$ cat data09.txt   # compact mmCIF, C-alpha atoms and all ligand atoms
# COMPACT_ATOMS: atom_id res chain seq x y z
CA MET A 1 0.00 0.00 0.00
CA SER A 2 1.42 3.37 -0.86
CA GLY A 3 0.44 6.87 -1.65
CA PHE A 4 -2.18 7.61 0.97
CA PRO A 5 -1.77 10.42 3.49
CA PRO A 6 0.59 9.32 6.32
CA ALA A 7 -2.18 9.06 8.92
CA VAL A 8 -4.16 6.79 6.60
CA GLU A 9 -1.05 4.71 5.83
CA ALA A 10 -0.47 4.29 9.55
CA ALA A 11 -4.08 3.24 10.14
CA LEU A 12 -3.87 0.66 7.33
CA ALA A 13 -0.49 -0.65 8.52
CA GLY A 14 -1.74 -0.99 12.08
CA PHE A 15 -4.88 -2.94 11.21
CA SER A 16 -5.34 -6.67 10.92
CA LEU A 17 -8.51 -8.69 10.57
CA PRO A 18 -9.58 -10.24 13.87
CA ALA A 19 -10.24 -14.01 13.80
CA THR A 20 -13.93 -13.53 14.54
CA LEU A 21 -15.76 -10.70 12.88
CA GLY A 22 -19.49 -10.79 13.53
CA PHE A 23 -21.59 -8.44 11.41
CA GLY A 24 -20.99 -4.69 11.50
CA ILE A 25 -19.06 -4.92 14.75
CA VAL A 26 -15.40 -4.46 13.77
CA PRO A 27 -14.72 -0.96 12.41
CA GLY A 28 -12.49 -0.87 9.34
CA PRO A 29 -9.34 1.28 9.53
CA VAL A 30 -10.37 4.13 7.22
CA MET A 31 -13.35 6.36 6.57
CA PHE A 32 -14.38 8.87 3.93
CA ASN A 33 -15.31 12.46 4.68
CA ALA A 34 -16.64 15.41 2.67
CA ARG A 35 -18.24 18.68 3.77
CA TYR A 36 -21.07 20.76 2.42
CA GLU A 37 -21.15 24.43 3.32
CA ASP A 38 -23.27 27.26 1.97
CA GLY A 39 -24.18 25.61 -1.27
CA SER A 40 -21.09 23.70 -2.26
CA TRP A 41 -19.30 20.43 -1.61
CA SER A 42 -15.67 20.12 -0.58
CA ASP A 43 -13.47 17.46 -2.11
CA GLY A 44 -13.62 14.17 -0.29
CA GLU A 45 -10.77 12.75 1.80
CA LEU A 46 -9.80 9.46 3.36
CA LEU A 47 -9.19 9.60 7.10
CA PRO A 48 -8.22 7.04 9.74
CA TYR A 49 -11.37 5.69 11.37
CA GLY A 50 -11.98 7.49 14.64
CA GLU A 51 -14.03 9.93 16.63
CA ILE A 52 -15.41 13.06 15.05
CA SER A 53 -16.34 16.25 16.83
CA ILE A 54 -19.76 17.76 16.48
CA LEU A 55 -21.51 20.48 18.47
CA PRO A 56 -24.11 19.17 20.92
CA THR A 57 -26.75 21.40 19.34
CA ALA A 58 -26.12 20.13 15.80
CA ARG A 59 -29.48 19.69 14.13
CA SER A 60 -28.71 16.10 13.16
CA LEU A 61 -28.66 15.29 16.88
CA GLN A 62 -31.59 17.52 17.84
CA PHE A 63 -33.91 16.91 14.90
CA ALA A 64 -32.70 13.74 13.14
CA GLU A 65 -31.60 15.64 10.03
CA THR A 66 -29.70 12.58 8.92
CA ILE A 67 -29.91 9.83 6.29
CA PHE A 68 -27.92 6.70 5.56
CA GLU A 69 -27.28 3.80 3.22
CA GLY A 70 -25.97 0.26 3.60
CA THR A 71 -24.14 -1.74 0.96
CA LYS A 72 -21.35 -4.32 0.69
CA ALA A 73 -18.05 -4.88 -1.12
CA TYR A 74 -16.96 -8.43 -1.92
CA LEU A 75 -13.61 -10.03 -2.73
CA GLY A 76 -14.05 -13.82 -2.79
CA ASP A 77 -11.04 -15.51 -4.42
CA ARG A 78 -10.36 -12.62 -6.78
CA ASP A 79 -7.91 -9.74 -6.55
CA THR A 80 -10.31 -7.00 -7.54
CA PRO A 81 -13.08 -6.08 -5.10
CA HIS A 82 -16.56 -5.38 -6.39
CA LEU A 83 -19.80 -3.73 -5.31
CA PHE A 84 -23.41 -4.87 -5.77
CA ARG A 85 -25.81 -2.37 -7.41
CA PRO A 86 -24.34 0.80 -5.85
CA ASP A 87 -26.31 2.78 -8.44
CA LEU A 88 -29.51 1.89 -6.58
CA ASN A 89 -28.00 3.01 -3.27
CA LEU A 90 -27.09 6.32 -4.88
CA VAL A 91 -30.60 6.86 -6.26
CA ARG A 92 -32.15 6.04 -2.88
CA PHE A 93 -29.62 8.19 -0.98
CA ARG A 94 -30.52 11.15 -3.16
CA ALA A 95 -34.25 10.48 -2.77
CA SER A 96 -33.86 10.29 1.02
CA ALA A 97 -31.95 13.60 1.03
CA GLN A 98 -34.63 15.23 -1.08
CA ARG A 99 -37.42 14.13 1.27
CA ILE A 100 -35.67 15.57 4.33
CA GLY A 101 -34.66 18.72 2.43
CA MET A 102 -30.94 17.99 2.60
CA PRO A 103 -28.52 18.57 -0.31
CA PRO A 104 -28.28 15.38 -2.40
CA VAL A 105 -24.70 14.08 -2.56
CA PRO A 106 -23.38 14.35 -6.14
CA GLU A 107 -23.06 11.05 -7.98
CA ALA A 108 -19.30 11.38 -8.45
CA LEU A 109 -18.69 12.12 -4.77
CA PHE A 110 -20.81 9.16 -3.65
CA MET A 111 -19.19 6.71 -6.08
CA ASP A 112 -15.65 7.99 -5.57
CA GLY A 113 -16.16 7.80 -1.81
CA LEU A 114 -17.24 4.15 -2.03
CA LYS A 115 -14.34 3.34 -4.35
CA ALA A 116 -11.84 5.14 -2.12
CA VAL A 117 -12.75 3.25 1.06
CA VAL A 118 -13.04 -0.08 -0.78
CA SER A 119 -9.74 0.21 -2.63
CA ALA A 120 -7.91 1.35 0.51
CA SER A 121 -9.48 -1.51 2.50
CA ALA A 122 -9.07 -4.19 -0.17
CA ASP A 123 -6.64 -6.24 1.95
CA PHE A 124 -9.21 -6.33 4.74
CA ILE A 125 -12.20 -7.67 2.87
CA PRO A 126 -12.85 -11.17 4.23
CA ARG A 127 -12.96 -13.78 1.46
CA GLU A 128 -15.20 -16.48 2.94
CA THR A 129 -18.62 -16.88 1.39
CA GLY A 130 -21.22 -14.76 3.17
CA SER A 131 -18.52 -12.33 4.30
CA SER A 132 -18.03 -8.80 2.99
CA LEU A 133 -16.89 -5.30 3.75
CA TYR A 134 -20.08 -3.64 4.99
CA LEU A 135 -20.23 0.01 3.89
CA ARG A 136 -22.23 2.69 5.65
CA PRO A 137 -22.56 6.00 3.76
CA PHE A 138 -24.38 8.70 5.74
CA LEU A 139 -25.19 12.39 5.54
CA PHE A 140 -25.93 14.54 8.57
CA SER A 141 -26.19 18.20 9.48
CA THR A 142 -23.59 19.90 11.66
CA GLU A 143 -25.12 23.37 11.93
CA PRO A 144 -26.12 24.14 15.50
CA GLY A 145 -29.40 25.69 16.55
CA PHE A 146 -32.93 25.11 17.67
CA ALA A 147 -34.64 26.56 14.64
CA PRO A 148 -36.34 23.55 13.11
CA LEU A 149 -35.12 24.40 9.63
CA ASN A 150 -32.82 22.63 7.22
CA SER A 151 -29.18 23.38 7.94
CA SER A 152 -26.62 24.93 5.62
CA ARG A 153 -23.76 22.69 6.79
CA PHE A 154 -23.50 18.92 6.39
CA ARG A 155 -21.02 16.09 6.38
CA PHE A 156 -21.06 13.09 4.09
CA MET A 157 -19.13 10.15 5.49
CA ILE A 158 -18.60 6.47 4.74
CA THR A 159 -17.46 4.03 7.39
CA THR A 160 -16.65 0.37 6.82
CA SER A 161 -16.87 -2.89 8.71
CA PRO A 162 -15.22 -6.17 7.65
CA SER A 163 -18.04 -8.58 8.38
CA GLY A 164 -18.92 -12.24 8.51
CA PRO A 165 -22.42 -13.46 7.64
CA TYR A 166 -25.28 -11.65 9.36
CA THR A 167 -26.84 -14.00 11.87
CA SER A 168 -30.21 -13.05 13.23
CA GLY A 169 -31.03 -16.71 13.79
CA ASP A 170 -34.46 -17.85 12.75
CA MET A 171 -36.73 -14.83 12.50
CA LYS A 172 -39.88 -14.64 14.57
CA VAL A 173 -42.07 -11.68 13.73
CA MET A 174 -44.62 -9.94 15.95
CA ILE A 175 -47.58 -8.32 14.20
CA GLU A 176 -47.59 -4.71 15.47
CA ARG A 177 -51.20 -3.61 15.77
CA ARG A 178 -50.80 -0.39 17.77
CA ASP A 179 -47.74 1.68 16.77
CA VAL A 180 -47.10 2.73 13.20
CA ARG A 181 -43.63 3.08 11.70
CA ALA A 182 -44.45 5.53 8.92
CA ALA A 183 -47.30 7.91 8.16
CA ARG A 184 -48.92 8.46 4.77
CA HIS A 185 -46.95 11.23 2.95
CA GLY A 186 -44.34 10.97 5.69
CA ILE A 187 -40.75 9.76 5.56
CA GLY A 188 -41.22 5.98 5.51
CA TYR A 189 -39.63 5.54 2.09
CA ALA A 190 -36.53 7.52 3.09
CA LYS A 191 -33.64 5.76 4.81
CA THR A 192 -33.51 8.10 7.77
CA GLY A 193 -33.07 7.86 11.53
CA GLY A 194 -36.60 8.99 12.35
CA ASN A 195 -38.11 5.80 10.95
CA TYR A 196 -35.89 3.74 13.18
CA ALA A 197 -36.80 5.85 16.20
CA ALA A 198 -40.48 5.20 15.44
CA ALA A 199 -39.81 1.45 15.36
CA MET A 200 -37.57 0.95 18.39
CA ARG A 201 -40.13 0.69 21.18
CA SER A 202 -42.05 -1.94 19.30
CA THR A 203 -38.89 -3.88 18.49
CA SER A 204 -37.84 -3.85 22.14
CA LEU A 205 -41.27 -5.13 23.22
CA ALA A 206 -41.16 -7.79 20.50
CA VAL A 207 -37.71 -8.95 21.63
CA ALA A 208 -38.89 -9.06 25.26
CA GLU A 209 -41.63 -11.45 24.14
CA GLY A 210 -39.18 -13.74 22.36
CA TYR A 211 -39.77 -12.40 18.86
CA THR A 212 -36.98 -11.06 16.64
CA VAL A 213 -38.66 -8.02 15.14
CA SER A 214 -41.99 -6.25 14.51
CA LEU A 215 -44.07 -6.61 11.37
CA TRP A 216 -45.53 -3.21 10.43
CA LEU A 217 -49.02 -2.68 9.08
CA ASP A 218 -50.35 0.23 7.05
CA PRO A 219 -50.81 3.42 9.10
CA GLU A 220 -54.43 4.07 8.19
CA GLU A 221 -56.28 0.85 8.85
CA ARG A 222 -53.60 -1.52 10.23
CA ARG A 223 -54.96 -3.94 7.66
CA PHE A 224 -52.18 -4.44 5.15
CA VAL A 225 -48.66 -5.76 5.62
CA GLU A 226 -45.87 -3.24 4.96
CA GLU A 227 -42.42 -4.45 6.02
CA LEU A 228 -40.16 -5.13 9.00
CA SER A 229 -38.23 -2.39 10.83
CA GLY A 230 -35.18 -2.73 8.60
CA MET A 231 -36.08 -5.37 6.02
CA ASN A 232 -38.70 -5.96 3.36
CA LEU A 233 -40.98 -8.97 3.47
CA PHE A 234 -42.04 -11.69 1.01
CA ALA A 235 -44.64 -14.45 1.36
CA VAL A 236 -44.83 -17.61 -0.73
CA VAL A 237 -48.52 -18.22 -1.41
CA GLU A 238 -49.52 -21.19 -3.54
CA GLY A 239 -46.02 -21.30 -4.94
CA ALA A 240 -45.90 -17.63 -5.99
CA LEU A 241 -43.80 -14.89 -4.39
CA VAL A 242 -45.82 -11.96 -3.12
CA THR A 243 -44.54 -8.69 -1.61
CA PRO A 244 -46.43 -5.46 -0.87
CA PRO A 245 -46.20 -2.80 -3.60
CA LEU A 246 -43.92 0.16 -2.84
CA SER A 247 -45.55 3.24 -1.37
CA ASP A 248 -44.49 6.28 0.65
CA THR A 249 -44.50 4.11 3.78
CA ILE A 250 -42.25 1.31 2.50
CA LEU A 251 -38.49 1.46 2.03
CA PRO A 252 -37.56 0.45 -1.53
CA GLY A 253 -34.99 -2.26 -0.76
CA VAL A 254 -32.23 -3.12 -3.22
CA THR A 255 -32.55 -6.74 -2.11
CA ARG A 256 -36.34 -6.69 -2.62
CA ARG A 257 -35.89 -5.35 -6.16
CA SER A 258 -33.20 -7.94 -6.92
CA ILE A 259 -35.31 -10.83 -5.62
CA LEU A 260 -38.22 -9.81 -7.87
CA ASP A 261 -35.93 -9.81 -10.91
CA LEU A 262 -34.11 -13.01 -9.97
CA ALA A 263 -37.27 -14.94 -9.10
CA ARG A 264 -38.78 -14.15 -12.49
CA MET A 265 -35.57 -15.28 -14.17
CA MET A 266 -35.74 -18.53 -12.19
CA GLY A 267 -39.23 -19.10 -13.58
CA LEU A 268 -41.10 -18.27 -10.38
CA THR A 269 -44.18 -16.09 -10.33
CA ALA A 270 -43.45 -12.89 -8.39
CA ARG A 271 -46.14 -10.31 -7.71
CA GLU A 272 -46.23 -6.94 -6.00
CA GLU A 273 -49.68 -6.79 -4.47
CA PRO A 274 -51.33 -5.78 -1.19
CA ILE A 275 -51.27 -8.47 1.50
CA ALA A 276 -54.05 -8.21 4.10
CA ILE A 277 -52.71 -9.34 7.47
CA ASP A 278 -55.81 -11.37 8.30
CA ALA A 279 -55.63 -13.16 4.95
CA LEU A 280 -51.93 -13.87 5.52
CA VAL A 281 -52.55 -15.35 8.96
CA GLN A 282 -55.37 -17.46 7.52
CA ALA A 283 -53.11 -18.59 4.65
CA VAL A 284 -50.45 -19.70 7.13
CA LYS A 285 -53.11 -21.59 9.11
CA ASP A 286 -54.58 -23.40 6.11
CA GLY A 287 -51.18 -24.11 4.57
CA SER A 288 -51.56 -22.07 1.37
CA CYS A 289 -48.80 -19.72 2.60
CA THR A 290 -45.85 -22.05 2.93
CA GLU A 291 -43.03 -19.57 3.50
CA LEU A 292 -42.37 -16.07 4.73
CA PHE A 293 -38.99 -14.40 4.48
CA ALA A 294 -37.31 -11.09 5.22
CA CYS A 295 -34.75 -9.47 2.93
CA GLY A 296 -32.16 -6.73 3.19
CA THR A 297 -28.49 -6.06 2.43
CA ALA A 298 -27.25 -7.31 5.80
CA ALA A 299 -29.14 -10.62 6.06
CA ILE A 300 -29.73 -11.04 2.29
CA ILE A 301 -32.69 -13.41 2.84
CA ALA A 302 -33.78 -14.64 6.26
CA PRO A 303 -36.62 -17.18 6.58
CA VAL A 304 -39.36 -16.30 9.07
CA VAL A 305 -40.18 -19.35 11.17
CA GLU A 306 -42.91 -17.86 13.32
CA ILE A 307 -45.53 -15.11 13.11
CA GLY A 308 -47.71 -14.04 16.02
CA GLU A 309 -49.50 -11.46 18.11
CA SER A 310 -48.12 -9.53 21.05
CA GLY A 311 -49.11 -11.59 24.10
CA GLY A 312 -51.09 -13.92 21.89
CA ALA A 313 -51.21 -16.76 19.44
CA ARG A 314 -48.18 -17.76 17.39
CA LEU A 315 -48.08 -19.75 14.20
CA GLU A 316 -45.13 -21.75 12.96
CA ILE A 317 -44.02 -21.60 9.34
CA PRO A 318 -42.25 -24.88 8.64
CA GLU A 319 -40.87 -24.41 5.11
CA ARG A 320 -37.90 -22.44 3.78
CA ARG A 321 -37.14 -24.13 0.48
CA ILE A 322 -37.77 -21.20 -1.86
CA ALA A 323 -36.12 -18.71 0.50
CA ASP A 324 -33.01 -20.88 0.68
CA ALA A 325 -32.88 -21.33 -3.11
CA LEU A 326 -33.26 -17.61 -3.74
CA ARG A 327 -30.67 -16.79 -1.12
CA ALA A 328 -28.14 -19.21 -2.62
CA ASP A 329 -28.65 -17.88 -6.16
CA LEU A 330 -28.61 -14.21 -5.16
CA LEU A 331 -25.51 -14.63 -3.00
CA ALA A 332 -23.71 -16.48 -5.82
CA ILE A 333 -24.34 -13.51 -8.13
CA GLN A 334 -23.37 -11.00 -5.43
CA GLU A 335 -20.12 -12.88 -4.78
CA ARG A 336 -19.49 -13.50 -8.49
CA ARG A 337 -19.43 -17.26 -8.08
CA ALA A 338 -22.16 -17.37 -10.73
CA PRO A 339 -22.60 -15.39 -13.95
CA ASP A 340 -24.18 -11.98 -13.42
CA PRO A 341 -26.89 -11.93 -16.11
CA PHE A 342 -28.18 -8.52 -15.03
CA GLY A 343 -24.82 -6.72 -14.84
CA TRP A 344 -25.40 -5.96 -11.16
CA THR A 345 -21.78 -6.08 -9.95
CA VAL A 346 -19.22 -3.29 -10.41
CA ASP A 347 -15.43 -3.65 -10.11
CA VAL A 348 -13.42 -1.36 -7.86
CA GLN A 349 -9.84 -1.10 -9.06
CA ARG A 350 -7.11 -1.11 -6.46
CA ARG A 351 -5.24 1.99 -7.33
CA ASP A 352 -3.12 4.70 -5.89
CA LEU A 353 -5.49 7.47 -4.92
CA SER A 354 -2.79 9.91 -3.91
CA GLU A 355 -2.61 11.76 -7.19
CA ARG A 356 -6.29 12.02 -7.53
CA SER A 357 -8.25 14.28 -5.30
CA ILE A 358 -11.74 12.94 -4.83
CA ARG A 359 -13.71 15.61 -6.58
CA ALA A 360 -17.12 16.80 -5.56
CA SER A 361 -18.29 16.82 -9.16
C1 LIG B 401 -32.48 -0.59 4.44
C2 LIG B 401 -33.89 -1.04 4.69
C3 LIG B 401 -34.46 -2.14 4.01
C4 LIG B 401 -33.66 -3.04 3.08
O1 LIG B 401 -33.10 -2.39 1.99
P1 LIG B 401 -31.86 -3.05 1.21
O2 LIG B 401 -31.52 -2.04 0.18
O3 LIG B 401 -32.34 -4.33 0.65
O4 LIG B 401 -30.78 -3.25 2.22
C5 LIG B 401 -35.80 -2.41 4.22
N1 LIG B 401 -36.54 -1.69 5.08
C6 LIG B 401 -36.03 -0.65 5.77
C7 LIG B 401 -36.90 0.11 6.70
C8 LIG B 401 -34.68 -0.29 5.60
O5 LIG B 401 -34.17 0.73 6.29

$ encode --input "data09.txt" --output "structure tokens"
Amino acid sequence: MSGFPPAVEAALAGFSLPATLGFGIVPGPVMFNARYEDGSWSDGELLPYGEISILPTARSLQFAETIFEGTKAYLGDRDTPHLFRPDLNLVRFRASAQRIGMPPVPEALFMDGLKAVVSASADFIPRETGSSLYLRPFLFSTEPGFAPLNSSRFRFMITTSPSGPYTSGDMKVMIERRDVRAARHGIGYAKTGGNYAAAMRSTSLAVAEGYTVSLWLDPEERRFVEELSGMNLFAVVEGALVTPPLSDTILPGVTRRSILDLARMMGLTAREEPIAIDALVQAVKDGSCTELFACGTAAIIAPVVEIGESGGARLEIPERRIADALRADLLAIQERRAPDPFGWTVDVQRRDLSERSIRAS
């Protein structure tokens, strides 16, 4: 490794992969940083991973003026790392910014930031199947003040985490019939902290009852299935895949989109259509719904083995055949162990970044 600023070189030289990684637990040695002030973006820079200073009254802390993304870089047995559909993360990151009224990060800054952290970290991307370098781009305001207005100062950062497979165990979902995660015309489709704040109490109660996570229903009638707190949801009903259609209360997952495309290529029927919760519960009872699974970048696909009420009845879901098949095929494409018929993966060249400032545009 050569050509990075001395502090970055030292961080890279001083880092080695621990024997056990977990998911998203071990911070990678470098991070990316760019600033936005009064209408324009600074160039980006690589920094050693570490603490940042922010004023206690920064609006990101006071008012959740903050958005994020999650994606992965893979290495496998190759020399060149690659990303999976970062273009969709960019589109969603910009849509999230727009909804909160924050300045969308320019395409070149977002992509160069991802490439910079991935190429600098290439020696620390675990190679085992299911492992990856988890990447967390985020944008937050740094301007202090209690005026509940959009700020004029922001930071765009990307942190990394060399990760093993995500292990949530078998998922058990609790139907949330009281709280709502996202309001109509609200921020549910944006990847922003406020949605997670809205979900946390329910998740904690679900976990206390032995469930893994809450299953959210529509905010108006609590009649239709939406998604989980951080993952989208599919049901297998009479052999067909069904997932709720996107709306302003559902996060448009990259994994969800990819599963729809892949399933159709595998010859499965895949539909986006409303799923009434009572009909779903009935379908599990009478055996016409054979599988339920969650999907997201971290877990990829996680079978749901149980669905139930808070303090009430629980139903087991015995099968996981289609979920497992989809997971295996999707992961093989993501890791480039199988051909990539959709052109979803993008190489990141290892290169000396020293002569190239990471331009804002
Ligand atoms: C990130 C997220 C997902 C999954 O999106 P992916 O792009 O597949 O990782 C689903 N729901 C919510 C609420 C999320 O924040």

$ closest_residue --input "data09.txt" --among "A:Glu316, A:Glu238, A:Glu51, A:Asp87" --to "ligand LIG 401 (chain B)" --atoms "only C-alpha atoms and all ligand atoms"
A:Asp87

$ residues_near_ligand --input "data09.txt" --ligand "ligand LIG 401 (chain B)" --cutoff "8 Å" --atoms "all atoms listed in the file" --output "VMD selection string"
chain A and resid 69 to 71 89 188 to 192 195 to 196 227 to 232 250 to 257 295 to 298 300

$ write_last_selection --input "data09.txt" --atoms "C-alpha atoms" --output "short mmCIF file (atom, residue, chain, number, x, y, z; two decimals), in the coordinates of the input"
data_model
loop_
_atom_site.label_atom_id
_atom_site.label_comp_id
_atom_site.auth_asym_id
_atom_site.auth_seq_id
_atom_site.Cartn_x
_atom_site.Cartn_y
_atom_site.Cartn_z
CA GLU A 69 -27.28 3.80 3.22
CA GLY A 70 -25.97 0.26 3.60
CA THR A 71 -24.14 -1.74 0.96
CA ASN A 89 -28.00 3.01 -3.27
CA GLY A 188 -41.22 5.98 5.51
CA TYR A 189 -39.63 5.54 2.09
CA ALA A 190 -36.53 7.52 3.09
CA LYS A 191 -33.64 5.76 4.81
CA THR A 192 -33.51 8.10 7.77
CA ASN A 195 -38.11 5.80 10.95
CA TYR A 196 -35.89 3.74 13.18
CA GLU A 227 -42.42 -4.45 6.02
CA LEU A 228 -40.16 -5.13 9.00
CA SER A 229 -38.23 -2.39 10.83
CA GLY A 230 -35.18 -2.73 8.60
CA MET A 231 -36.08 -5.37 6.02
CA ASN A 232 -38.70 -5.96 3.36
CA ILE A 250 -42.25 1.31 2.50
CA LEU A 251 -38.49 1.46 2.03
CA PRO A 252 -37.56 0.45 -1.53
CA GLY A 253 -34.99 -2.26 -0.76
CA VAL A 254 -32.23 -3.12 -3.22
CA THR A 255 -32.55 -6.74 -2.11
CA ARG A 256 -36.34 -6.69 -2.62
CA ARG A 257 -35.89 -5.35 -6.16
CA CYS A 295 -34.75 -9.47 2.93
CA GLY A 296 -32.16 -6.73 3.19
CA THR A 297 -28.49 -6.06 2.43
CA ALA A 298 -27.25 -7.31 5.80
CA ILE A 300 -29.73 -11.04 2.29
#

$ atom_distance --input "data09.txt" --atom1 "CA of Glu37 (chain A)" --atom2 "CA of Ile54 (chain A)"
14.8 Å

$ atom_distance --input "data09.txt" --atom1 "CA of Ser141 (chain A)" --atom2 "CA of Arg184 (chain A)"
25.2 Å

$ closest_residue --input "data09.txt" --among "A:Ala95, A:Val173, A:Ala208, A:Val346" --to "Phe293 (chain A)" --atoms "only C-alpha atoms"
A:Val173

$ atom_distance --input "data09.txt" --atom1 "CA of Arg271 (chain A)" --atom2 "CA of Thr212 (chain A)"
26.0 Å

$ closest_residue --input "data09.txt" --among "A:Val236, A:Ile158, A:Leu149, A:Met102" --to "Lys115 (chain A)" --atoms "only C-alpha atoms"
A:Ile158
